[in-house]
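Novice: Take a look at this one; I'll ask things after.
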Amino acid sequence: MSKSDSHQFTGTKGQKIEQGMKPENLKRQLVSWAEEVVSRMPANVSKRQSDKFNTACVVFDELTGKLYFGRNGGIDKFGDTIHPTLKAILPHKSLNGLPTPWNCAEADAINQALHDGVEFGHMRIYTISAKPNSMGKAKKSCENCTYAYKGRIKENYTGWTE
Amino acid sequence: MKTIYDTLSIRGRVTYAIMCFERYVTFKYPDKDMSAVAEMMWKIIDNSDYIDNSAYRYMEIIPEYLFEANDFTSSEFDYITEKEYVYFTALLPKPDDDKDLNTIMHLVYDIAMEYAYTAVELDASETKEYLQEISRILKADHITLPEIGDIPKYEWDDTHGWGQPFDGRYLSIILK
């Protein structure tokens, strides 16, 4: 799947945007996107690579209704440039030796939104497990993401590390 | 569900899984030197790299992934070298030749990565089930389970369930 395929857009104004930002709607579209990512993996992608996909996140831009989908490892995997704003707020060294800050699904989705001009204050996010045995299960943001995004983005429907 | 693993952080649970792996291979493969495999496992918890990087590196030698392709080039590994590939394919059995070893090695990875990219849930019950699965395998082979007592205990507030990074090699029975 090319990076451009990973974007889906919905709604334009008013009522459609109100509907689109509902958490259950975001979850439904995110699960659909994650399942599509899995089903569209080319035959030459190894099981090892496909098994690495365990988390998906969607950013909803409440101004335009656009959705930005991200996955763990997404930034590295597709060679994206990390947006300077994102680079500035991510911890320079992962907190407590935990996963690489820019490998989270939130970072991938937020990075795309930032590159498209979306401001933090208009972002609402939803994060799920993308593992086959727990697909769609809501996931809180990790310590690194909580450090970087809490207080900046408008809403995290699936919660922060407390 | 209360278990004997409740006092262990995620890093502590990875540690216990590695200790079980070491006892399994020592029992099953007494003539093979598994220290290179153990070394890759212990790196997952020692903070020498991000935990996901260490786990992804180790993942490449789990038999079901190591033997997934027929040669090094088509495997497209991100971490291990061709020299390491040759070494590990000669050392480790194919997944169908020892399904239990493949399962134990996979579960070490699963415990480390269960809460990567999210917050550790209170109790982290999935990882306890993984340890119970490993324990069942060892018990079925009448292999004595390792002692939990020496593993650093759970400090939820300090580390949100992960536990502090530490060098667990002092607990190894292979890296001596």
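Ligands are numbered from 1 in the order shown, residues from 1 within each chain, and chains are lettered A, B, ... in the order they appear in the structure tokens.
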Could you produce a table of the residues of chain B lying within 6 Å of chain A, with the nearest pair of atoms per residue and their separation in Å rounded to one decimal, using only C-alpha atoms, ordered by chain and increasing residue number, as a Markdown table?

Specialist:
| residue | atom | partner | partner_atom | distance |
| --- | --- | --- | --- | --- |
| B:Asn47 | CA | A:Gly97 | CA | 5.7 |
| B:Tyr50 | CA | A:Pro99 | CA | 5.2 |
| B:Ile51 | CA | A:Pro99 | CA | 5.2 |
| B:Asp52 | CA | A:Pro99 | CA | 5.0 |
| B:Tyr65 | CA | A:Arg48 | CA | 5.7 |
| B:Tyr117 | CA | A:Cys104 | CA | 5.2 |
| B:Thr118 | CA | A:Cys142 | CA | 4.1 |
| B:Ala119 | CA | A:Cys142 | CA | 4.6 |

Novice: Only C-alpha atoms, please: the residues just picked out, written as an mmCIF file, in the first residue's frame.

Specialist:
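Dumped to result-v6.cif:
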data_model
loop_
_atom_site.group_PDB
_atom_site.id
_atom_site.type_symbol
_atom_site.label_atom_id
_atom_site.label_comp_id
_atom_site.auth_asym_id
_atom_site.auth_seq_id
_atom_site.Cartn_x
_atom_site.Cartn_y
_atom_site.Cartn_z
ATOM 1 C CA ASN B 47 18.400 -0.533 27.948
ATOM 2 C CA TYR B 50 15.069 1.075 22.599
ATOM 3 C CA ILE B 51 13.048 -1.919 23.699
ATOM 4 C CA ASP B 52 11.294 -2.236 20.314
ATOM 5 C CA TYR B 65 10.796 -16.002 11.093
ATOM 6 C CA TYR B 117 3.299 1.729 21.716
ATOM 7 C CA THR B 118 0.668 1.895 24.463
ATOM 8 C CA ALA B 119 0.308 2.043 28.248
#

Novice: Skipping near chain neighbours, those fewer than 6 positions away, what residues fall within 9 Å of B:Ser135 using only C-alpha atoms, listed as a PyMOL selection string?

Specialist: chain B and resi 17+20+145

Novice: Need the shell around B:Lys83: protein/DNA/RNA residues with any atom at most 10 Å away, counting only C-alpha atoms. Skip same-chain ones fewer than 4 positions apart. Format as a list in words?

Specialist: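 Near B:Lys83, the qualifying residues are Phe72, Tyr87 and Phe88 of chain B.
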
Novice: Export C-alpha atoms of the chosen residues as a compact mmCIF listing (two decimals), in the first residue's frame?

Specialist:
# COMPACT_ATOMS: atom_id res chain seq x y z
CA PHE B 72 19.42 -14.73 3.59
CA TYR B 87 25.18 -19.18 12.42
CA PHE B 88 21.63 -19.15 13.78

Novice: Could you name the residues that touch stretch 33-42 of chain B at 7 Å or less, counting only C-alpha atoms, but leaving out those on the same chain fewer than 6 positions away, as an MDAnalysis selection string?

Specialist: chainID B and resid 18 58 168:169 174:175

Novice: Identify all residues of chain A in strand (DSSP E) (DSSP on the backbone) and supply them as a count of residues only.

Specialist: 24

Novice: Can you tell me, as a count of residues only, which residues in stretch 70-108 of chain B count as helix (DSSP H, G or I) by DSSP?

Specialist: 24

Novice: Compile the contact shell of A:Pro132 as a PyMOL selection string: residues with an atom at most 12 Å away, counting only C-alpha atoms, same-chain residues fewer than 6 positions apart removed.

Specialist: chain A and resi 31+34-35+38-39+50-55

Novice: Residues near B:Leu131, anyone? I mean within 9 Å using only C-alpha atoms, not counting same-chain ones fewer than 2 positions away, as a list in words.

Specialist: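 Near neighbours after the sequence-gap exclusion: Tyr5, Arg13, Val14, Tyr16, Ala17, Leu107, Val108, Ile111, Glu126, Thr127, Lys128, Glu129, Glu133, Ile134, Ser135 and Arg136 of chain B.
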
Novice: With only C-alpha atoms as the counted atoms, please give the residues lying no more than 10 Å from A:His83, apart from itself and same-chain residues fewer than 3 positions off, as a CSV table (one decimal) with N, CA and C atoms, in the first residue's frame.

Specialist:
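File produced: result05.csv:
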chain,number,residue,atom,x,y,z
A,80,ASP,N,9.0,8.6,5.8
A,80,ASP,CA,8.5,9.9,6.0
A,80,ASP,C,9.5,10.8,6.7
A,86,LEU,N,6.8,18.2,15.2
A,86,LEU,CA,6.7,16.9,15.9
A,86,LEU,C,8.1,16.6,16.5
A,87,LYS,N,9.1,16.8,15.7
A,87,LYS,CA,10.5,16.5,16.2
A,87,LYS,C,10.8,17.3,17.5
A,88,ALA,N,10.3,18.5,17.5
A,88,ALA,CA,10.6,19.4,18.7
A,88,ALA,C,9.9,19.0,19.9
A,107,ALA,N,2.4,8.9,16.4
A,107,ALA,CA,3.4,9.8,15.7
A,107,ALA,C,3.2,9.8,14.2
A,110,ILE,N,-0.2,11.7,13.4
A,110,ILE,CA,0.0,13.1,13.7
A,110,ILE,C,1.0,13.8,12.8
A,111,ASN,N,2.0,13.0,12.4
A,111,ASN,CA,3.0,13.6,11.5
A,111,ASN,C,2.4,13.9,10.1
A,112,GLN,N,1.5,13.0,9.6
A,112,GLN,CA,0.8,13.3,8.4
A,112,GLN,C,-0.1,14.5,8.5
A,113,ALA,N,-0.8,14.6,9.6
A,113,ALA,CA,-1.7,15.7,9.8
A,113,ALA,C,-0.9,17.0,9.9
A,114,LEU,N,0.2,17.0,10.6
A,114,LEU,CA,1.0,18.2,10.6
A,114,LEU,C,1.5,18.6,9.2
A,115,HIS,N,1.9,17.7,8.5
A,115,HIS,CA,2.4,18.0,7.1
A,115,HIS,C,1.3,18.5,6.2

Novice: Report the distance between atom CA of B:Tyr24 and atom CA of B:Leu8 in Å, rounded to one decimal place.

Specialist: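 One can read the atom CA of B:Tyr24 to atom CA of B:Leu8 distance as 20.9 Å.
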
Novice: Atom CA of A:Met21 to atom CA of A:Glu62: how many Å, to one decimal?

Specialist: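 Value for the atom CA of A:Met21-atom CA of A:Glu62 distance: 6.9 Å.
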
Novice: Taking only C-alpha atoms into account, which of B:Asp110, B:Glu147, B:Asp31, B:Glu84 comes nearest B:Ile10?

Specialist: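 Looking only at the distances to B:Ile10, the closest residue turns out to be B:Asp110.
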
Novice: Quick one: distance from atom CA of B:Leu101 to atom CA of B:Pro165 in Å, one decimal?

Specialist: 25.7 Å
